[in-house]
$ cat model_28.csv   # CSV, C-alpha atoms
chain,number,residue,atom,x,y,z
A,19,MET,CA,-7.5,-0.6,-23.2
A,20,GLY,CA,-9.6,-1.3,-26.3
A,21,GLY,CA,-9.2,-0.1,-29.9
A,22,ALA,CA,-11.2,2.7,-31.5
A,23,GLY,CA,-12.4,4.1,-28.2
A,24,TYR,CA,-14.2,0.9,-27.2
A,25,SER,CA,-13.3,-0.4,-23.8
A,26,PRO,CA,-14.6,-3.0,-21.3
A,27,ALA,CA,-16.8,-0.3,-19.8
A,28,ASP,CA,-18.7,-0.5,-23.1
A,29,TRP,CA,-19.4,-4.3,-22.8
A,30,PRO,CA,-23.0,-5.3,-22.3
A,31,GLU,CA,-23.8,-6.7,-18.9
A,32,ASP,CA,-24.8,-10.1,-20.3
A,33,PHE,CA,-21.4,-10.4,-22.0
A,34,VAL,CA,-19.5,-9.4,-18.8
A,35,ARG,CA,-21.4,-12.1,-16.9
A,36,MET,CA,-20.7,-14.7,-19.6
A,37,ILE,CA,-16.9,-13.9,-19.5
A,38,ILE,CA,-16.7,-14.0,-15.7
A,39,GLY,CA,-18.7,-17.3,-15.7
A,40,ARG,CA,-16.4,-18.9,-18.3
A,41,VAL,CA,-13.3,-17.9,-16.4
A,42,GLN,CA,-14.8,-19.1,-13.2
A,43,ASP,CA,-15.4,-22.5,-14.8
A,44,ASP,CA,-11.8,-22.7,-16.2
A,45,ARG,CA,-10.1,-21.6,-13.0
A,46,ALA,CA,-11.9,-23.8,-10.5
A,47,ASP,CA,-8.5,-24.9,-9.1
A,48,GLY,CA,-7.1,-21.4,-9.3
A,49,PRO,CA,-6.5,-18.8,-6.5
A,50,SER,CA,-9.4,-18.6,-4.0
A,51,MET,CA,-11.2,-15.2,-4.1
A,52,VAL,CA,-14.6,-13.7,-4.3
A,53,LEU,CA,-15.4,-11.0,-6.9
A,54,SER,CA,-17.9,-8.4,-5.9
A,55,SER,CA,-19.3,-6.1,-8.5
A,56,THR,CA,-19.9,-2.5,-7.5
A,57,ASP,CA,-22.1,-1.6,-10.5
A,58,ILE,CA,-24.2,-4.6,-11.2
A,59,GLU,CA,-25.6,-7.3,-8.9
A,60,GLY,CA,-23.0,-10.0,-8.8
A,61,LEU,CA,-20.8,-12.0,-6.5
A,62,TRP,CA,-18.6,-14.8,-7.9
A,63,LYS,CA,-16.5,-17.3,-5.9
A,64,PHE,CA,-13.3,-18.7,-7.3
A,65,GLY,CA,-11.1,-21.5,-6.1
A,66,ARG,CA,-11.5,-23.5,-2.9
A,67,GLY,CA,-11.4,-22.1,0.6
A,68,GLN,CA,-11.5,-18.5,1.7
A,69,GLY,CA,-9.8,-15.9,-0.3
A,70,PRO,CA,-9.8,-12.1,-0.6
A,71,GLU,CA,-12.7,-10.1,-1.8
A,72,ILE,CA,-12.0,-8.3,-5.0
A,73,THR,CA,-14.3,-5.3,-5.7
A,74,GLY,CA,-14.9,-3.1,-8.7
A,75,PRO,CA,-17.0,-2.5,-11.8
A,76,ALA,CA,-18.0,-5.9,-13.3
A,77,ALA,CA,-16.4,-5.1,-16.7
A,78,GLU,CA,-13.1,-4.2,-15.0
A,79,LEU,CA,-13.2,-7.4,-13.0
A,80,ALA,CA,-13.7,-9.4,-16.2
A,81,TRP,CA,-10.9,-7.4,-18.0
A,82,TRP,CA,-8.5,-8.3,-15.1
A,83,LEU,CA,-9.6,-11.9,-14.9
A,84,ILE,CA,-8.8,-12.6,-18.6
A,85,GLY,CA,-5.3,-11.1,-18.0
A,86,ARG,CA,-5.7,-8.0,-20.1
A,87,GLY,CA,-5.9,-5.4,-17.4
A,88,ASP,CA,-3.6,-4.8,-14.5
A,89,GLY,CA,-6.4,-4.4,-12.0
A,90,ALA,CA,-6.1,-0.6,-11.7
A,91,GLY,CA,-9.3,0.6,-10.1
A,92,LEU,CA,-10.1,-2.7,-8.4
A,93,GLY,CA,-10.0,-3.1,-4.6
A,94,SER,CA,-8.8,-6.1,-2.5
A,95,SER,CA,-9.7,-6.9,1.1
A,96,ILE,CA,-6.0,-7.8,1.6
A,97,GLY,CA,-4.6,-4.8,-0.1
A,98,GLU,CA,-3.3,-6.5,-3.2
A,99,LEU,CA,-4.8,-8.5,-6.0
A,100,PRO,CA,-4.0,-12.2,-6.6
A,101,GLN,CA,-1.6,-12.8,-9.4
A,102,LEU,CA,-3.4,-14.3,-12.4
A,103,PRO,CA,-2.0,-15.7,-15.6
A,104,ARG,CA,-3.5,-14.5,-18.9
A,105,TRP,CA,-6.7,-16.4,-19.6
A,106,ARG,CA,-6.6,-18.6,-22.8
$ encode --input "model_28.csv" --output "structure tokens"
Amino acid sequence: MGGAGYSPADWPEDFVRMIIGRVQDDRADGPSMVLSSTDIEGLWKFGRGQGPEITGPAAELAWWLIGRGDGAGLGSSIGELPQLPRWR
């Protein structure tokens, strides 16, 4: 994942929230989904309409959102994760 033993799990909570917020703003017209964190208080809606609920640790959600992770360890209410392009 990260270099020198540093991974998204090491990211501070405020950084994770900032990343998710930026991606949320950039992908307002993207796939509809709701991200639900299992380790910090957080629920983020993406797109328009009703989409699947994606669950997992907030840093892993952020890592997947920016297109770096494959979503391993995340759950989806429909059994699969939406396909997302790499962010920026």
$ closest_residue --input "model_28.csv" --among "A:Pro100, A:Gly93, A:Gly85, A:Gly74" --to "Ala27 in chain A" --atoms "only C-alpha atoms"
A:Gly74
$ atom_distance --input "model_28.csv" --atom1 "CA of Ile37 in chain A" --atom2 "CA of Ala80 in chain A"
6.4 Å
$ residues_around --input "model_28.csv" --residues "Ser95 in chain A" --least-positions-apart "3" --cutoff "8 Å" --atoms "all atoms listed in the file" --output "list in words"
Pro70, Glu71, Ile72 and Glu98 of chain A
$ closest_residue --input "model_28.csv" --among "A:Phe33, A:Leu99, A:Pro49, A:Arg86" --to "Thr73 in chain A" --atoms "only C-alpha atoms"
A:Leu99
$ atom_distance --input "model_28.csv" --atom1 "CA of Arg104 in chain A" --atom2 "CA of Glu59 in chain A"
25.3 Å
$ residues_around --input "model_28.csv" --residues "Leu79 in chain A" --least-positions-apart "5" --cutoff "10 Å" --atoms "all atoms listed in the file" --output "NGL selection string"
:A and (26 or 34 or 37-38 or 53-56 or 72-74 or 84 or 87 or 89-93)
$ closest_residue --input "model_28.csv" --among "A:Trp29, A:Gly23, A:Arg66, A:Ser94" --to "Asp47 in chain A" --atoms "only C-alpha atoms"
A:Arg66
$ residues_around --input "model_28.csv" --residues "Gly48 in chain A" --least-positions-apart "5" --cutoff "9 Å" --atoms "all atoms listed in the file" --output "JSON, numbers by chain"
{"A": [42, 64, 65, 66, 102]}
$ closest_residue --input "model_28.csv" --among "A:Gly69, A:Ile96, A:Leu83, A:Ile58" --to "Arg45 in chain A" --atoms "all atoms listed in the file"
A:Leu83
$ atom_distance --input "model_28.csv" --atom1 "CA of Gln101 in chain A" --atom2 "CA of Asp88 in chain A"
9.7 Å
$ closest_residue --input "model_28.csv" --among "A:Glu78, A:Gln68, A:Trp105, A:Ala22" --to "Arg35 in chain A" --atoms "all atoms listed in the file"
A:Glu78
$ decode --input "model_28.csv" --residues "range 35-84 of chain A" --atoms "C-alpha atoms" --output "tab-separated table (two decimals), in the first residue's frame"
chain	number	residue	atom	x	y	z
A	35	ARG	CA	-12.18	13.34	6.26
A	36	MET	CA	-10.56	15.99	4.06
A	37	ILE	CA	-9.79	13.48	1.29
A	38	ILE	CA	-13.30	12.00	1.33
A	39	GLY	CA	-14.79	15.52	1.27
A	40	ARG	CA	-12.67	16.58	-1.71
A	41	VAL	CA	-13.52	13.48	-3.68
A	42	GLN	CA	-17.18	13.94	-2.78
A	43	ASP	CA	-17.08	17.47	-4.21
A	44	ASP	CA	-15.24	16.36	-7.37
A	45	ARG	CA	-17.51	13.40	-8.04
A	46	ALA	CA	-20.88	15.04	-7.51
A	47	ASP	CA	-22.04	13.60	-10.84
A	48	GLY	CA	-20.42	10.21	-10.30
A	49	PRO	CA	-21.94	6.92	-9.23
A	50	SER	CA	-24.55	7.13	-6.49
A	51	MET	CA	-23.45	5.52	-3.23
A	52	VAL	CA	-23.27	6.12	0.49
A	53	LEU	CA	-20.03	5.54	2.35
A	54	SER	CA	-20.39	4.42	5.94
A	55	SER	CA	-17.31	4.29	8.15
A	56	THR	CA	-16.94	1.43	10.58
A	57	ASP	CA	-14.23	3.04	12.71
A	58	ILE	CA	-15.04	6.75	12.93
A	59	GLU	CA	-18.33	8.60	12.86
A	60	GLY	CA	-18.99	9.28	9.21
A	61	LEU	CA	-21.57	8.89	6.48
A	62	TRP	CA	-20.97	10.44	3.05
A	63	LYS	CA	-23.42	10.52	0.12
A	64	PHE	CA	-22.15	10.54	-3.45
A	65	GLY	CA	-24.00	11.13	-6.70
A	66	ARG	CA	-27.69	11.58	-7.20
A	67	GLY	CA	-30.34	9.07	-6.30
A	68	GLN	CA	-30.09	5.95	-4.24
A	69	GLY	CA	-26.97	3.85	-4.51
A	70	PRO	CA	-25.36	1.04	-2.57
A	71	GLU	CA	-23.97	1.46	0.92
A	72	ILE	CA	-20.23	0.92	1.01
A	73	THR	CA	-18.81	0.12	4.45
A	74	GLY	CA	-15.35	-0.14	5.93
A	75	PRO	CA	-12.67	1.75	7.82
A	76	ALA	CA	-12.62	5.42	6.78
A	77	ALA	CA	-8.99	5.36	5.58
A	78	GLU	CA	-9.70	2.31	3.40
A	79	LEU	CA	-12.77	4.04	1.97
A	80	ALA	CA	-10.61	7.08	1.13
A	81	TRP	CA	-7.85	4.88	-0.38
A	82	TRP	CA	-10.42	3.18	-2.62
A	83	LEU	CA	-12.12	6.49	-3.54
A	84	ILE	CA	-8.89	7.98	-4.90
